[in-house]
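Peer 1: Just dropping this structure here.
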Amino acid sequence: MPIIAPSLLAADFLHLEKECMMVNESEAQWLHLDVMDGRFVPNISFGLPVIEMVTKINRKVNDVHLMIVEPEKYVEVFKDAGADVISVHIEACPHLHRNIEQIKNLGLQAGVAVNPHTPVSLLSDIIADIDVVNLMSVNPGFGGQKFIPYTLNKIRELRQMIDDRGLNVKIEIDGGVTVENASEILEAGADVLVVGSTVFRSKNPLETIRRLINTQYA
Ligand code: DX5
Ligand code: ZN
């Protein structure tokens with residue numbers, strides 16, 4: 001069964017506590033937290049003060065997606081704020097191996113996020129050192145965008161790379177995931193589905209999460 005990671009970016013920020021309690025009550029295993037700096041991506045989301053509060057009540061895995069330049073300056077404070085998984089962007093890290101070591105030395109799970117245009121072949125060395133690949137299926141910066149179809153080929157290629165080497169790395173798909181396209185994404189080999197608008201904008205978020213977890217696929 002897939003891991004579902006509701007993305008808080010699509011939540012109602014006036015009622016964050018209620019939204020977090022909904023996720024706690026749900027079958028989702030992770031909570032996805034999108035941090036944007038207005039430099040790596042053309043948008044600014046939320047940061048440490050919000051994440052510190054959210055992780056106090058969240059009972060799921062705190063999955064922090066850093067869409068920021070120079071993430072090494074902030075990894076430690078995000079750990080202190082309650083992060084369990086931290087993903088940094090390959091495009092933002094000229095010394096990616098060092099970034100990964102930093103995250104792992106803090107006892108966290110390390111993730112590498114890749115933009116839609118970045119080939120997964122660039123991960124062929126670092127893949128052995130990480131826990132999660134966050135494959136962006138939209139251009140990072142905004143929720144509610146449409147899934148980019150060629151991501152499916154990237155998932156298959158990455159699945160092959162991971163399985164061929166007998167690694168235990170999770171493939172996380174981030175952006176434009178819906179109840180309708182979840183089965184082809186899982187069929188291609190994904191393990192974790194990040195879902196923002198599909199969950200938080202649905203009439204019955206708990207039921208939507210349940211449907212996503214129970215997606216039928218070959
Ligand atoms: C986009 C973020 C995503 C976003 C997904 O930059 O990384 O996590 O919240 O939102 P949806 O599911 O609405 O595409
Ligand atoms: Zn994200």
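Here's how to read the names in the structure tokens: chain A, B, ... by the order shown, residue numbers from 1 in each chain, ligand numbers from 1 in the order shown.
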Which residues form the shell of 7 Å around ligand 2 when you count only C-alpha atoms and all ligand atoms, given as a list in words?

Peer 2: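 If we count only C-alpha atoms and all ligand atoms, the neighbours of ligand 2 turn out to be Ser7, His32, Leu33, Asp34, His65 and Asp174 of chain A.
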
Peer 1: Those same residues - C-alpha atoms - I'd like them written as a compact mmCIF listing (two decimals), in the first residue's frame.

Peer 2:
# COMPACT_ATOMS: atom_id res chain seq x y z
CA SER A 7 0.77 18.50 1.61
CA HIS A 32 4.44 16.90 3.62
CA LEU A 33 5.74 20.37 4.53
CA ASP A 34 6.79 22.63 1.63
CA HIS A 65 10.68 19.55 1.31
CA ASP A 174 5.12 15.43 -5.77

Peer 1: Residues within 7 Å of Ala110 of chain A, please, as a PyMOL selection string. Count only C-alpha atoms; anything in the same chain fewer than 3 positions from it doesn't count.

Peer 2: chain A and resi 85-87+100+103-104+130-132

Peer 1: Taking the chain letters and numbering used in this document, name the residues of segment 1-217 of chain A that DSSP puts in alpha helix (DSSP H), as a PyMOL selection string.

Peer 2: chain A and resi 16-25+48-57+75-80+96-105+151-164+182-188+197-200+205-213

Peer 1: Residues within 7 Å of ligand 1 (only C-alpha atoms and all ligand atoms), as JSON, numbers by chain?

Peer 2: {"A": [7, 8, 9, 10, 32, 34, 65, 138, 139, 140, 141, 142, 143, 144, 145, 146, 174, 175, 176, 177, 194, 195, 196, 197, 198]}

Peer 1: Would you export the selected residues with N, CA, C and O atoms as a short mmCIF file (atom, residue, chain, number, x, y, z; two decimals), in the first residue's frame, please?

Peer 2:
data_model
loop_
_atom_site.label_atom_id
_atom_site.label_comp_id
_atom_site.auth_asym_id
_atom_site.auth_seq_id
_atom_site.Cartn_x
_atom_site.Cartn_y
_atom_site.Cartn_z
N SER A 7 -0.10 17.33 1.61
CA SER A 7 0.77 18.50 1.61
C SER A 7 0.05 19.69 2.23
O SER A 7 -0.95 20.18 1.71
N LEU A 8 0.61 20.16 3.33
CA LEU A 8 -0.04 21.21 4.12
C LEU A 8 -0.21 22.53 3.36
O LEU A 8 -1.02 23.37 3.74
N LEU A 9 0.55 22.66 2.26
CA LEU A 9 0.46 23.89 1.47
C LEU A 9 -0.98 24.19 1.03
O LEU A 9 -1.35 25.35 0.87
N ALA A 10 -1.77 23.14 0.84
CA ALA A 10 -3.14 23.33 0.36
C ALA A 10 -4.16 23.43 1.50
O ALA A 10 -5.36 23.53 1.26
N HIS A 32 3.46 16.24 4.49
CA HIS A 32 4.44 16.90 3.62
C HIS A 32 4.44 18.41 3.89
O HIS A 32 3.39 19.06 3.85
N ASP A 34 6.08 21.97 2.73
CA ASP A 34 6.79 22.63 1.63
C ASP A 34 7.36 23.98 2.07
O ASP A 34 6.61 24.90 2.39
N HIS A 65 10.18 19.37 2.67
CA HIS A 65 10.68 19.55 1.31
C HIS A 65 11.22 20.97 1.19
O HIS A 65 10.46 21.93 1.13
N VAL A 138 5.49 18.40 -11.14
CA VAL A 138 5.10 19.75 -11.60
C VAL A 138 6.33 20.62 -11.35
O VAL A 138 7.25 20.20 -10.64
N ASN A 139 6.32 21.84 -11.88
CA ASN A 139 7.41 22.75 -11.53
C ASN A 139 7.19 23.25 -10.11
O ASN A 139 6.11 23.75 -9.80
N PRO A 140 8.21 23.10 -9.24
CA PRO A 140 7.99 23.43 -7.84
C PRO A 140 7.67 24.91 -7.64
O PRO A 140 8.12 25.76 -8.40
N GLY A 141 6.89 25.19 -6.62
CA GLY A 141 6.57 26.57 -6.29
C GLY A 141 5.10 26.79 -6.01
O GLY A 141 4.75 27.72 -5.29
N PHE A 142 4.26 25.94 -6.56
CA PHE A 142 2.83 26.17 -6.41
C PHE A 142 2.08 24.84 -6.31
O PHE A 142 2.45 23.86 -6.96
N GLY A 143 1.00 24.86 -5.52
CA GLY A 143 0.11 23.70 -5.48
C GLY A 143 -0.90 23.80 -6.61
O GLY A 143 -0.96 24.81 -7.33
N GLY A 144 -1.67 22.75 -6.78
CA GLY A 144 -2.79 22.79 -7.71
C GLY A 144 -2.44 22.79 -9.19
O GLY A 144 -3.25 23.18 -10.01
N GLN A 145 -1.23 22.34 -9.55
CA GLN A 145 -0.86 22.30 -10.97
C GLN A 145 -1.14 20.91 -11.55
O GLN A 145 -1.40 19.96 -10.83
N LYS A 146 -1.00 20.84 -12.86
CA LYS A 146 -1.31 19.60 -13.58
C LYS A 146 -0.08 18.68 -13.63
O LYS A 146 1.03 19.15 -13.90
N ASP A 174 5.58 14.17 -6.35
CA ASP A 174 5.12 15.43 -5.77
C ASP A 174 4.58 16.37 -6.84
O ASP A 174 5.35 16.94 -7.62
N GLY A 175 3.25 16.53 -6.84
CA GLY A 175 2.63 17.52 -7.71
C GLY A 175 1.59 16.93 -8.65
O GLY A 175 1.88 16.01 -9.42
N GLY A 176 0.39 17.44 -8.56
CA GLY A 176 -0.66 17.04 -9.50
C GLY A 176 -1.19 15.63 -9.33
O GLY A 176 -1.78 15.08 -10.26
N VAL A 177 -0.99 15.05 -8.16
CA VAL A 177 -1.51 13.69 -7.93
C VAL A 177 -3.00 13.76 -7.61
O VAL A 177 -3.43 14.59 -6.80
N VAL A 194 2.52 12.46 -2.68
CA VAL A 194 2.24 13.76 -2.03
C VAL A 194 0.94 14.27 -2.64
O VAL A 194 0.78 14.28 -3.87
N VAL A 195 0.01 14.67 -1.78
CA VAL A 195 -1.27 15.15 -2.31
C VAL A 195 -1.72 16.39 -1.55
O VAL A 195 -2.05 16.32 -0.37
N GLY A 196 -1.73 17.51 -2.25
CA GLY A 196 -2.14 18.77 -1.66
C GLY A 196 -3.59 19.04 -1.92
O GLY A 196 -4.47 18.67 -1.13
N SER A 197 -3.86 19.68 -3.05
CA SER A 197 -5.24 20.09 -3.33
C SER A 197 -6.22 18.92 -3.38
O SER A 197 -7.37 19.06 -2.95
N THR A 198 -5.78 17.79 -3.91
CA THR A 198 -6.69 16.64 -4.00
C THR A 198 -7.26 16.28 -2.63
O THR A 198 -8.43 15.93 -2.50
#

Peer 1: Taking only C-alpha atoms into account, name the residue in A:Thr151, A:Asn24, A:Asn168, A:Asn43 that is nearest to Val61 of chain A.

Peer 2: A:Asn24
